[in-house]
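> Next comes my_file-v9.cif, mmCIF, C-alpha atoms:
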```cif
data_data
loop_
_atom_site.label_atom_id
_atom_site.label_comp_id
_atom_site.auth_asym_id
_atom_site.auth_seq_id
_atom_site.Cartn_x
_atom_site.Cartn_y
_atom_site.Cartn_z
CA MET A 221 -29.07 -15.66 -33.90
CA SER A 222 -29.69 -12.13 -32.65
CA ASP A 223 -27.34 -12.69 -29.68
CA ILE A 224 -24.65 -14.06 -31.99
CA ALA A 225 -25.02 -11.16 -34.41
CA ARG A 226 -24.86 -8.64 -31.58
CA ALA A 227 -21.75 -10.29 -30.07
CA ALA A 228 -20.08 -10.25 -33.50
CA GLY A 229 -21.01 -6.62 -34.08
CA LEU A 230 -23.23 -7.45 -37.05
CA GLN A 231 -26.79 -6.83 -38.05
CA GLN A 232 -28.84 -10.00 -37.82
CA SER A 233 -29.61 -9.81 -41.54
CA SER A 234 -25.87 -9.80 -42.28
CA LEU A 235 -25.41 -12.94 -40.23
CA TYR A 236 -28.32 -14.64 -42.01
CA TYR A 237 -26.71 -13.77 -45.35
CA TRP A 238 -23.86 -16.18 -44.52
CA PHE A 239 -25.54 -18.60 -42.09
CA ARG A 240 -29.21 -19.60 -42.26
CA ARG A 241 -29.09 -21.46 -38.91
CA LYS A 242 -26.93 -21.53 -35.78
CA GLU A 243 -25.78 -25.02 -36.69
CA MET A 244 -24.21 -23.67 -39.85
CA ILE A 245 -22.02 -21.37 -37.76
CA LEU A 246 -20.89 -24.32 -35.67
CA GLN A 247 -20.26 -26.37 -38.78
CA ALA A 248 -18.10 -23.61 -40.27
CA THR A 249 -16.16 -23.40 -37.02
CA LEU A 250 -15.49 -27.12 -37.11
CA GLU A 251 -14.32 -26.98 -40.70
CA VAL A 252 -11.82 -24.27 -39.83
CA ASN A 253 -10.65 -26.09 -36.72
CA ARG A 254 -9.18 -29.15 -38.44
CA LEU A 255 -5.89 -29.06 -36.53
CA PRO A 256 -6.37 -32.42 -34.77
CA VAL A 257 -6.85 -34.23 -38.08
CA GLU A 258 -3.79 -32.51 -39.55
CA PHE A 259 -1.79 -33.35 -36.41
CA LEU A 260 -2.73 -37.02 -36.75
CA GLU A 261 -1.45 -37.00 -40.31
CA THR A 262 1.85 -35.55 -39.06
CA LEU A 263 2.14 -38.26 -36.40
CA ARG A 264 1.53 -41.01 -38.95
CA THR A 265 4.59 -39.97 -40.93
CA GLU A 266 6.95 -39.66 -37.96
CA GLU A 267 9.24 -42.36 -36.71
CA GLY A 268 9.54 -43.17 -33.03
CA PRO A 269 8.03 -45.21 -30.24
CA ALA A 270 4.26 -45.61 -30.26
CA ALA A 271 4.14 -44.51 -26.60
CA LEU A 272 5.73 -41.16 -27.50
CA GLN A 273 3.31 -40.63 -30.38
CA LEU A 274 0.36 -41.46 -28.12
CA TYR A 275 1.64 -39.01 -25.49
CA ARG A 276 2.00 -36.27 -28.11
CA LEU A 277 -1.51 -36.94 -29.42
CA LEU A 278 -3.08 -36.89 -25.94
CA ARG A 279 -1.20 -33.72 -25.01
CA PHE A 280 -2.24 -32.00 -28.23
CA ASP A 281 -5.86 -33.10 -27.91
CA THR A 282 -6.09 -32.01 -24.28
CA TYR A 283 -4.66 -28.61 -25.16
CA GLN A 284 -7.17 -28.24 -28.02
CA LEU A 285 -10.08 -29.15 -25.74
CA CYS A 286 -9.01 -26.68 -23.07
CA MET A 287 -8.44 -23.82 -25.52
CA SER A 288 -11.56 -24.42 -27.60
CA PRO A 289 -14.02 -21.52 -27.65
CA PHE A 290 -16.96 -23.94 -27.75
CA ASP A 291 -18.22 -26.85 -25.65
CA VAL A 292 -17.14 -30.08 -27.34
CA ASN A 293 -19.99 -31.99 -25.70
CA GLU A 294 -22.48 -29.62 -27.33
CA VAL A 295 -20.76 -30.12 -30.66
CA GLU A 296 -21.12 -33.89 -30.32
CA ARG A 297 -24.77 -33.55 -29.33
CA GLN A 298 -25.59 -31.28 -32.27
CA ALA A 299 -23.61 -33.41 -34.70
CA GLU A 300 -25.37 -36.57 -33.53
CA GLN A 301 -28.82 -35.01 -33.88
CA GLN A 302 -28.13 -33.61 -37.34
CA ARG A 303 -25.83 -36.07 -39.07
CA ASP A 304 -26.62 -34.74 -42.54
CA VAL A 305 -25.67 -31.18 -41.58
CA PHE A 306 -22.46 -32.33 -39.87
CA ALA A 307 -21.41 -34.90 -42.46
CA GLY A 308 -17.93 -33.34 -42.71
CA TYR A 309 -17.49 -33.63 -38.95
CA TRP A 310 -18.30 -37.34 -39.03
CA GLU A 311 -16.05 -37.85 -42.03
CA ASP A 312 -13.17 -36.24 -40.12
CA ASN A 313 -13.88 -38.49 -37.14
CA GLN A 314 -13.76 -41.60 -39.33
CA THR A 315 -10.56 -40.40 -41.05
CA ALA A 316 -8.91 -39.84 -37.67
CA LEU A 317 -9.63 -43.40 -36.57
#
```
Starting from the file, lay out its structure as C-alpha cells.

Amino acid sequence: MSDIARAAGLQQSSLYYWFRRKEMILQATLEVNRLPVEFLETLRTEEGPAALQLYRLLRFDTYQLCMSPFDVNEVERQAEQQRDVFAGYWEDNQTAL
C-alpha cells in the first residue's frame, strides 16, 4: 500500500481512508472499467451478420486488453481467490455470457 500511495502522490493514511486493502483498489478499478459489458449490450441491439459482430467484439476486447493498465491474469487470479470481494466482477462475467 505504501508503494501505491507514493505512486499516487498520497499519504498512506489517505489511501487507507478510501481502501482498506489492495484488492479494494483493484475492485474499484474493475467497477470503473465496465466498457466491455457496455459494448456487449450495444452489440446485442445491432443488426448485422453474426461474423461481423464477433469480429467487432474480438477487436474491442483485444484493444482493451492491450491498453489495460493492469495485468488481466492477475485480476483473474485475485478474483478467483476472493470471490466474495470480487462478486461484482463475477456478476459482470455472467452477464456478459
> Neighbours of A:Leu274 within 12 Å (all atoms listed in the file; same-chain residues fewer than 5 positions away dropped), as a PyMOL selection string?
chain A and resi 259-260+263-264+266+268-269+279-281
> The selected residues should be written to file as a compact mmCIF listing (two decimals), keeping the file's coordinate frame (atoms: C-alpha atoms).

```
# COMPACT_ATOMS: atom_id res chain seq x y z
CA PHE A 259 -1.79 -33.35 -36.41
CA LEU A 260 -2.73 -37.02 -36.75
CA LEU A 263 2.14 -38.26 -36.40
CA ARG A 264 1.53 -41.01 -38.95
CA GLU A 266 6.95 -39.66 -37.96
CA GLY A 268 9.54 -43.17 -33.03
CA PRO A 269 8.03 -45.21 -30.24
CA ARG A 279 -1.20 -33.72 -25.01
CA PHE A 280 -2.24 -32.00 -28.23
CA ASP A 281 -5.86 -33.10 -27.91
```
> Got a sec to check which residues sit within 10 Å of (-29.2, -26.5, -36.9), counting all atoms listed in the file, and write them as a list in words?
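Neighbouring residues, ordered by chain and number, come to Arg240, Arg241, Lys242, Glu243, Met244, Ile245, Leu246, Gln247, Gln298, Ala299, Gln301, Gln302, Val305 and Phe306 of chain A.
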> One decimal, Å: what's the distance from atom CA of A:Leu277 over to atom CA of A:Glu258, could you say?
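These atoms are spaced 11.3 Å apart.
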> Atom CA of A:Asn293 to atom CA of A:Gln273: how many Å, to one decimal?
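Value for the atom CA of A:Asn293-atom CA of A:Gln273 distance: 25.3 Å.
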> Just to confirm, what's the straight-line distance from atom CA of A:Thr249 to atom CA of A:Glu261 in Å (one decimal)?
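Between these atoms lies a distance of 20.3 Å.
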> Evaluated on this file, the PyMOL selection byres ((chain A and resi 225) around 12) picks out some residues - which ones are they, written as a list of chain:residue names?
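For this structure, the PyMOL selection byres ((chain A and resi 225) around 12) resolves to A:Met221, A:Ser222, A:Asp223, A:Ile224, A:Arg226, A:Ala227, A:Ala228, A:Gly229, A:Leu230, A:Gln231, A:Gln232, A:Ser233, A:Ser234, A:Leu235, A:Tyr236, A:Tyr237, A:Trp238, A:Phe239, A:Arg241, A:Lys242, A:Ile245.
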> Give the answer as one residue: which of A:Val295, A:Leu285, A:Leu272, A:Leu278 has the shortest atom-to-atom distance to A:Tyr309, using all atoms listed in the file?
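Closest candidate: A:Val295.
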> Is it possible to dump stretch 230-258 of chain A as a PDB file, in the first residue's frame, including just N, CA, C and O atoms?

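The new file result_16.pdb reads:
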```pdb
ATOM      1  N   LEU A 230       0.039  10.337  -2.585  1.00  0.00           N
ATOM      2  CA  LEU A 230      -0.796  10.433  -1.386  1.00  0.00           C
ATOM      3  C   LEU A 230      -0.022   9.962  -0.161  1.00  0.00           C
ATOM      4  O   LEU A 230       0.947   9.217  -0.273  1.00  0.00           O
ATOM      5  N   GLN A 231      -0.505  10.360   0.983  1.00  0.00           N
ATOM      6  CA  GLN A 231      -0.034   9.763   2.229  1.00  0.00           C
ATOM      7  C   GLN A 231      -0.709   8.396   2.346  1.00  0.00           C
ATOM      8  O   GLN A 231      -1.847   8.208   1.907  1.00  0.00           O
ATOM      9  N   GLN A 232      -0.028   7.457   2.951  1.00  0.00           N
ATOM     10  CA  GLN A 232      -0.596   6.125   3.084  1.00  0.00           C
ATOM     11  C   GLN A 232      -1.915   6.154   3.864  1.00  0.00           C
ATOM     12  O   GLN A 232      -2.860   5.448   3.530  1.00  0.00           O
ATOM     13  N   SER A 233      -1.996   7.009   4.865  1.00  0.00           N
ATOM     14  CA  SER A 233      -3.241   7.110   5.642  1.00  0.00           C
ATOM     15  C   SER A 233      -4.404   7.581   4.774  1.00  0.00           C
ATOM     16  O   SER A 233      -5.549   7.154   4.961  1.00  0.00           O
ATOM     17  N   SER A 234      -4.122   8.463   3.817  1.00  0.00           N
ATOM     18  CA  SER A 234      -5.178   8.920   2.903  1.00  0.00           C
ATOM     19  C   SER A 234      -5.673   7.786   2.034  1.00  0.00           C
ATOM     20  O   SER A 234      -6.872   7.660   1.777  1.00  0.00           O
ATOM     21  N   LEU A 235      -4.765   6.957   1.584  1.00  0.00           N
ATOM     22  CA  LEU A 235      -5.147   5.806   0.764  1.00  0.00           C
ATOM     23  C   LEU A 235      -5.993   4.825   1.584  1.00  0.00           C
ATOM     24  O   LEU A 235      -7.013   4.326   1.104  1.00  0.00           O
ATOM     25  N   TYR A 236      -5.581   4.587   2.816  1.00  0.00           N
ATOM     26  CA  TYR A 236      -6.342   3.679   3.687  1.00  0.00           C
ATOM     27  C   TYR A 236      -7.725   4.232   4.029  1.00  0.00           C
ATOM     28  O   TYR A 236      -8.639   3.471   4.334  1.00  0.00           O
ATOM     29  N   TYR A 237      -7.887   5.533   3.978  1.00  0.00           N
ATOM     30  CA  TYR A 237      -9.206   6.118   4.230  1.00  0.00           C
ATOM     31  C   TYR A 237     -10.217   5.587   3.217  1.00  0.00           C
ATOM     32  O   TYR A 237     -11.365   5.298   3.545  1.00  0.00           O
ATOM     33  N   TRP A 238      -9.791   5.457   1.959  1.00  0.00           N
ATOM     34  CA  TRP A 238     -10.688   5.016   0.887  1.00  0.00           C
ATOM     35  C   TRP A 238     -10.626   3.514   0.634  1.00  0.00           C
ATOM     36  O   TRP A 238     -11.619   2.908   0.234  1.00  0.00           O
ATOM     37  N   PHE A 239      -9.450   2.914   0.826  1.00  0.00           N
ATOM     38  CA  PHE A 239      -9.259   1.496   0.502  1.00  0.00           C
ATOM     39  C   PHE A 239      -8.525   0.803   1.646  1.00  0.00           C
ATOM     40  O   PHE A 239      -7.377   1.109   1.921  1.00  0.00           O
ATOM     41  N   ARG A 240      -9.173  -0.155   2.279  1.00  0.00           N
ATOM     42  CA  ARG A 240      -8.547  -0.854   3.405  1.00  0.00           C
ATOM     43  C   ARG A 240      -7.511  -1.881   2.958  1.00  0.00           C
ATOM     44  O   ARG A 240      -6.604  -2.226   3.707  1.00  0.00           O
ATOM     45  N   ARG A 241      -7.680  -2.401   1.715  1.00  0.00           N
ATOM     46  CA  ARG A 241      -6.756  -3.417   1.194  1.00  0.00           C
ATOM     47  C   ARG A 241      -6.478  -3.135  -0.282  1.00  0.00           C
ATOM     48  O   ARG A 241      -7.274  -2.486  -0.966  1.00  0.00           O
ATOM     49  N   LYS A 242      -5.386  -3.687  -0.784  1.00  0.00           N
ATOM     50  CA  LYS A 242      -5.033  -3.525  -2.198  1.00  0.00           C
ATOM     51  C   LYS A 242      -6.143  -4.046  -3.102  1.00  0.00           C
ATOM     52  O   LYS A 242      -6.423  -3.479  -4.150  1.00  0.00           O
ATOM     53  N   GLU A 243      -6.756  -5.135  -2.688  1.00  0.00           N
ATOM     54  CA  GLU A 243      -7.809  -5.743  -3.500  1.00  0.00           C
ATOM     55  C   GLU A 243      -8.973  -4.786  -3.723  1.00  0.00           C
ATOM     56  O   GLU A 243      -9.632  -4.831  -4.762  1.00  0.00           O
ATOM     57  N   MET A 244      -9.204  -3.923  -2.764  1.00  0.00           N
ATOM     58  CA  MET A 244     -10.294  -2.954  -2.903  1.00  0.00           C
ATOM     59  C   MET A 244      -9.978  -1.932  -3.997  1.00  0.00           C
ATOM     60  O   MET A 244     -10.882  -1.456  -4.688  1.00  0.00           O
ATOM     61  N   ILE A 245      -8.714  -1.610  -4.167  1.00  0.00           N
ATOM     62  CA  ILE A 245      -8.309  -0.706  -5.253  1.00  0.00           C
ATOM     63  C   ILE A 245      -8.565  -1.383  -6.590  1.00  0.00           C
ATOM     64  O   ILE A 245      -9.129  -0.783  -7.514  1.00  0.00           O
ATOM     65  N   LEU A 246      -8.182  -2.641  -6.693  1.00  0.00           N
ATOM     66  CA  LEU A 246      -8.406  -3.388  -7.924  1.00  0.00           C
ATOM     67  C   LEU A 246      -9.894  -3.527  -8.212  1.00  0.00           C
ATOM     68  O   LEU A 246     -10.340  -3.351  -9.349  1.00  0.00           O
ATOM     69  N   GLN A 247     -10.662  -3.795  -7.189  1.00  0.00           N
ATOM     70  CA  GLN A 247     -12.113  -3.917  -7.361  1.00  0.00           C
ATOM     71  C   GLN A 247     -12.711  -2.607  -7.866  1.00  0.00           C
ATOM     72  O   GLN A 247     -13.552  -2.611  -8.772  1.00  0.00           O
ATOM     73  N   ALA A 248     -12.290  -1.490  -7.313  1.00  0.00           N
ATOM     74  CA  ALA A 248     -12.793  -0.190  -7.764  1.00  0.00           C
ATOM     75  C   ALA A 248     -12.401   0.070  -9.216  1.00  0.00           C
ATOM     76  O   ALA A 248     -13.195   0.617  -9.988  1.00  0.00           O
ATOM     77  N   THR A 249     -11.210  -0.343  -9.589  1.00  0.00           N
ATOM     78  CA  THR A 249     -10.765  -0.194 -10.977  1.00  0.00           C
ATOM     79  C   THR A 249     -11.647  -1.002 -11.911  1.00  0.00           C
ATOM     80  O   THR A 249     -12.048  -0.525 -12.974  1.00  0.00           O
ATOM     81  N   LEU A 250     -11.967  -2.210 -11.513  1.00  0.00           N
ATOM     82  CA  LEU A 250     -12.814  -3.061 -12.346  1.00  0.00           C
ATOM     83  C   LEU A 250     -14.220  -2.495 -12.482  1.00  0.00           C
ATOM     84  O   LEU A 250     -14.840  -2.599 -13.537  1.00  0.00           O
ATOM     85  N   GLU A 251     -14.731  -1.916 -11.416  1.00  0.00           N
ATOM     86  CA  GLU A 251     -16.073  -1.340 -11.479  1.00  0.00           C
ATOM     87  C   GLU A 251     -16.126  -0.148 -12.421  1.00  0.00           C
ATOM     88  O   GLU A 251     -17.130   0.073 -13.098  1.00  0.00           O
ATOM     89  N   VAL A 252     -15.053   0.616 -12.467  1.00  0.00           N
ATOM     90  CA  VAL A 252     -14.998   1.756 -13.376  1.00  0.00           C
ATOM     91  C   VAL A 252     -14.833   1.284 -14.806  1.00  0.00           C
ATOM     92  O   VAL A 252     -15.404   1.839 -15.740  1.00  0.00           O
ATOM     93  N   ASN A 253     -14.063   0.230 -14.997  1.00  0.00           N
ATOM     94  CA  ASN A 253     -13.750  -0.260 -16.334  1.00  0.00           C
ATOM     95  C   ASN A 253     -14.790  -1.290 -16.782  1.00  0.00           C
ATOM     96  O   ASN A 253     -14.506  -2.452 -16.951  1.00  0.00           O
ATOM     97  N   ARG A 254     -16.019  -0.847 -16.981  1.00  0.00           N
ATOM     98  CA  ARG A 254     -17.106  -1.715 -17.403  1.00  0.00           C
ATOM     99  C   ARG A 254     -17.377  -1.609 -18.903  1.00  0.00           C
ATOM    100  O   ARG A 254     -18.402  -2.046 -19.386  1.00  0.00           O
ATOM    101  N   LEU A 255     -16.462  -1.039 -19.649  1.00  0.00           N
ATOM    102  CA  LEU A 255     -16.692  -0.838 -21.079  1.00  0.00           C
ATOM    103  C   LEU A 255     -17.003  -2.120 -21.838  1.00  0.00           C
ATOM    104  O   LEU A 255     -17.899  -2.111 -22.684  1.00  0.00           O
ATOM    105  N   PRO A 256     -16.322  -3.246 -21.585  1.00  0.00           N
ATOM    106  CA  PRO A 256     -16.670  -4.449 -22.341  1.00  0.00           C
ATOM    107  C   PRO A 256     -18.120  -4.879 -22.149  1.00  0.00           C
ATOM    108  O   PRO A 256     -18.778  -5.295 -23.099  1.00  0.00           O
ATOM    109  N   VAL A 257     -18.637  -4.792 -20.943  1.00  0.00           N
ATOM    110  CA  VAL A 257     -20.029  -5.177 -20.696  1.00  0.00           C
ATOM    111  C   VAL A 257     -20.971  -4.237 -21.441  1.00  0.00           C
ATOM    112  O   VAL A 257     -21.935  -4.665 -22.078  1.00  0.00           O
ATOM    113  N   GLU A 258     -20.678  -2.947 -21.385  1.00  0.00           N
ATOM    114  CA  GLU A 258     -21.500  -1.970 -22.105  1.00  0.00           C
ATOM    115  C   GLU A 258     -21.416  -2.190 -23.616  1.00  0.00           C
ATOM    116  O   GLU A 258     -22.410  -2.054 -24.323  1.00  0.00           O
TER     117      GLU A 258
END
```
